[in-house]
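Novice: Mind looking over this structure? Questions follow.
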Amino acid sequence: MSLLKLGFYNQRFHLLRFIPPQSSNVSPSTFWVQNLTNNNTTNHSSLSYYTPRINPVIAKALRTEASATVQPIKMVKAIRVHQFGGSQVLKWEDVELGEPKEGEIRIKNIAIGVNFIDIYFRKGVYKATTMPFTPGMEAVGEVTAVGPGLTGRKVGDIVAYAGNPMGSYAEEQILPADKVVPVPPSVDPITAASIMLKGMTAQFLVRRCFKVESGHTVLVHAAAGGVGSLLCQWANALGATVIGTVSTKEKAAQAKEDGCHHAIIYKEEDFVSRVNEITCGKGVEVVYDSVGKDTFEGSLACLKPRGYMVNFGQSSGTPDPVPLSALAPKSLFLTRPSMMQYTSTRDELLETAGEVFANVASGVLRVRVNHKYPLSEAAQAHADLENRRTTGSVVLIP
């Protein structure tokens with residue numbers, strides 16, 4: 001006897017059991033059906049002789065049940081958030097993983113990038129669409145299954161993704177195939193996972209949000225951080241003079257190695273006064289500010305007339321509201337960009353990721369994967385990142 005599905009028939013709930021025909025005189029399309037709704041014992045009196053001509057819907061369900069092989073539920077480990085809060089709300093749990101549907105792939109993650117946006121979602125600064133949820137917006141993995149009819153991706157491919165859908169803090173995950181990009185053999189998977197989101201962020205910031213050119217002077221806050229270090233390298237390679245702010249002497253040394261011409265330790269000196277001194281009172285063309293509340297007003301003061309204030313994060317908190325009139329004296333531009341709007345089409349995604357990987361392969365971008373944690377220790381990774389105990393990139397290893 002085989003296990004059958006729960007179902008409704010004639011607006012009454014029924015639990016059925018399929019019993020294959022035992023007689024050679026019975027048609028293969030004929031079934032014995034036991035209604036277990038009110039009787040859980042095997043009793044011949046509870047068996048009904050059934051042919052599919054009576055109800056084709058039930059017949060189809062029974063045939064499917066009779067022929068199908070029961071597939072065990074696949075469980076994987078993942079980090080789950082059941083309530084907003086500190087790093088302690090990150091829980092290591094078993095989750096169910098299905099099969100990829102049309103247009104989807106399943107990947108086994110090799111390395112997972114950790115970013116400040118993950119902290120924003122964990123704390124509720126940004127709102128997840130479901131609760132509980134699995135955080136994470138960046139990973140590199142091996143394709144283990146493809147959905148029906150999918151072309152262009154195959155089992156064994158090494159692919160990367162960054163952005164939506166959220167959920168990379170997992171051993172395996174299902175992704176839309178059009179959201180992943182191939183990782184070239186010249187780029188190590190751990191390096192790719194550490195640079196995918198941060199690298200594409202740096203790309204759109206210096207190449208499209210404000211196009212940095214030779215002769216420009218730029219100010220980068222958190223210059224030793226994951227995105228900040230890439231901004232310093234990329235802007236330097238484009239011929240700009242790079243000024244960076246950091247919290248310690250050790251981070252100042254790293255920022256200079258990454259192409260920062262002037263490293264300001266903001267705990268020891270006022271960065272606005274120092275920028276004014278470095279630029280001889282002219283100011284900078286653009287400020288890339290991921291710190292937010294603590295640096296926002298000072299960043300505006302560092303800009304030259306018609307300068308660009310690019311706020312792409314708020315590690316110190318959300319900046320206070322700014323009246324439009326505050327921008328008028330120097331005709332300043334203010335933007336709060338998101339990578340998702342700069343990679344919204346497949347062509348934009350491929351172009352952005354392709355330029356990042358090309359710059360890594362050529363040596364224009366040097367990636368520092370300074371911190372690796374087991375995926376199960378994501379809470380510690382968040383605590384270290386949030387308290388500025390990290391430099392460069394942070395990755396989780398399943």
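Here, A, B, ... name the chains of the structure tokens in the order displayed, residue numbers run from 1 inside each chain, and ligands are numbered from 1 in the same displayed order.
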Among the residues of segment 98-310 of chain A, find those DSSP assigns to strand (DSSP E) from the backbone and print them as JSON, numbers by chain.
Specialist: {"A": [104, 105, 106, 107, 108, 109, 110, 111, 112, 113, 114, 138, 139, 140, 141, 142, 143, 144, 145, 146, 158, 159, 160, 161, 162, 172, 173, 174, 175, 176, 181, 182, 217, 218, 219, 220, 241, 242, 243, 244, 245, 246, 262, 263, 264, 265, 284, 285, 286, 287, 288, 289, 303, 304, 305, 306, 307, 308, 309, 310]}
Novice: What's around segment 244-258 of chain A at 10 Å? Count only C-alpha atoms, leave out sequence neighbours fewer than 2 positions away in its own chain, and write the answer as a VMD selection string.
Specialist: chain A and resid 218 to 225 228 to 234 236 242 260 to 268 271 275 287 to 288 365 to 367 388 390 to 392
Novice: For atom CA of Gly147 of chain A and atom CA of Asp178 of chain A, quote the distance in Å rounded to one decimal.
Specialist: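 Distance reported for this atom pair: 12.2 Å.
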Novice: I need the residues in segment 102-293 of chain A that are alpha helix (DSSP H) according to DSSP; give them as a count of residues only.
Specialist: 53
Novice: Looking at A:Val356, A:Val395, A:Thr217, A:Arg208, which one is nearest to Pro374 of chain A, with distances taken over only C-alpha atoms?
Specialist: A:Val395
Novice: Can you build me a table of segment 269-329 of chain A residues sitting at most 12 Å from segment 102-115 of chain A, with the closest atom pair per residue and its distance in Å to one decimal, using only C-alpha atoms, sorted by chain and residue number, as a tab-separated table?
Specialist:
```
residue	atom	partner	partner_atom	distance
A:Ser290	CA	A:Asn115	CA	11.9
A:Gly313	CA	A:Asn115	CA	10.8
A:Ser315	CA	A:Asn115	CA	10.8
```
Novice: For those residues, write C-alpha atoms to a file as a CSV table (one decimal), in the first residue's frame.
Specialist:
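Below is the file that was written, selection.csv:
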```csv
chain,number,residue,atom,x,y,z
A,290,SER,CA,29.1,55.3,3.8
A,313,GLY,CA,25.5,53.9,3.6
A,315,SER,CA,27.2,52.8,9.5
```
Novice: Here is a test: counting only C-alpha atoms, which residue of A:Glu171, A:Gly149, A:Lys123, A:Val227 is nearest to Glu96 of chain A?
Specialist: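 Counting only C-alpha atoms, the residue closest to Glu96 of chain A is A:Glu171.
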Novice: So, counting only C-alpha atoms, which residue among A:Lys282, A:Met340, A:Thr129, A:Ile190 is closest to His371 of chain A?
Specialist: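 Of A:Lys282, A:Met340, A:Thr129, A:Ile190, the one nearest His371 of chain A, counting only C-alpha atoms, is A:Ile190.
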Novice: Would you write out, as a Markdown table, a table of all residues in segment 317-378 of chain A that have an atom no more than 6 Å from an atom of segment 292-309 of chain A, listing for each the closest atom pair and the distance in Å to one decimal, considering only C-alpha atoms and ordering rows by chain and rising residue number?
Specialist:
```
| residue | atom | partner | partner_atom | distance |
| --- | --- | --- | --- | --- |
| A:Gly317 | CA | A:Lys293 | CA | 5.1 |
| A:Thr318 | CA | A:Lys293 | CA | 5.3 |
| A:Pro319 | CA | A:Lys293 | CA | 3.9 |
| A:Lys330 | CA | A:Pro305 | CA | 4.5 |
| A:Ser331 | CA | A:Arg306 | CA | 5.0 |
| A:Leu332 | CA | A:Arg306 | CA | 4.7 |
| A:Phe333 | CA | A:Tyr308 | CA | 4.8 |
| A:Leu334 | CA | A:Met309 | CA | 4.8 |
```
Novice: Check the smallest atom-to-atom distance from each of A:Asp118, A:Glu172, A:Glu99, A:Glu351 to Ile397 of chain A using only C-alpha atoms, then report the winner.
Specialist: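 Going through A:Asp118, A:Glu172, A:Glu99, A:Glu351 one by one, the smallest distance to Ile397 of chain A is for A:Glu172.
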Novice: Find the residues near Ala358 of chain A: any atom within 12 Å, counting only C-alpha atoms, skip ones fewer than 6 places away on the same chain, and give them as a list in words.
Specialist: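 Non-adjacent residues within range: Val183, Pro184, Pro185, Ser186, Val187, Ala192, Gly199, Met200, Gln203, Leu350, Glu351, Thr352, Val364, Leu365 and Arg366 of chain A.
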Novice: As a list in words, please: the residues near Leu205 of chain A (cut-off 9 Å, only C-alpha atoms, same-chain neighbours under 4 positions excluded).
Specialist: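 Counting only the stated atoms, we get Met200, Thr201, Cys209, Phe210, Lys211, Val212, Leu231, Tyr288, Val310, Phe312, Pro337 and Met339 of chain A.
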Novice: Distance atom CA of Val125 of chain A-atom CA of Phe84 of chain A, one decimal place?
Specialist: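 So the two atoms, atom CA of Val125 of chain A and atom CA of Phe84 of chain A, lie 9.1 Å apart.
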Novice: Would you mind telling me which residue in A:Gly136, A:Gly141, A:Gly167, A:Pro321 lies nearest to Val181 of chain A when using only C-alpha atoms?
Specialist: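 The closest residue to Val181 of chain A is A:Gly141.
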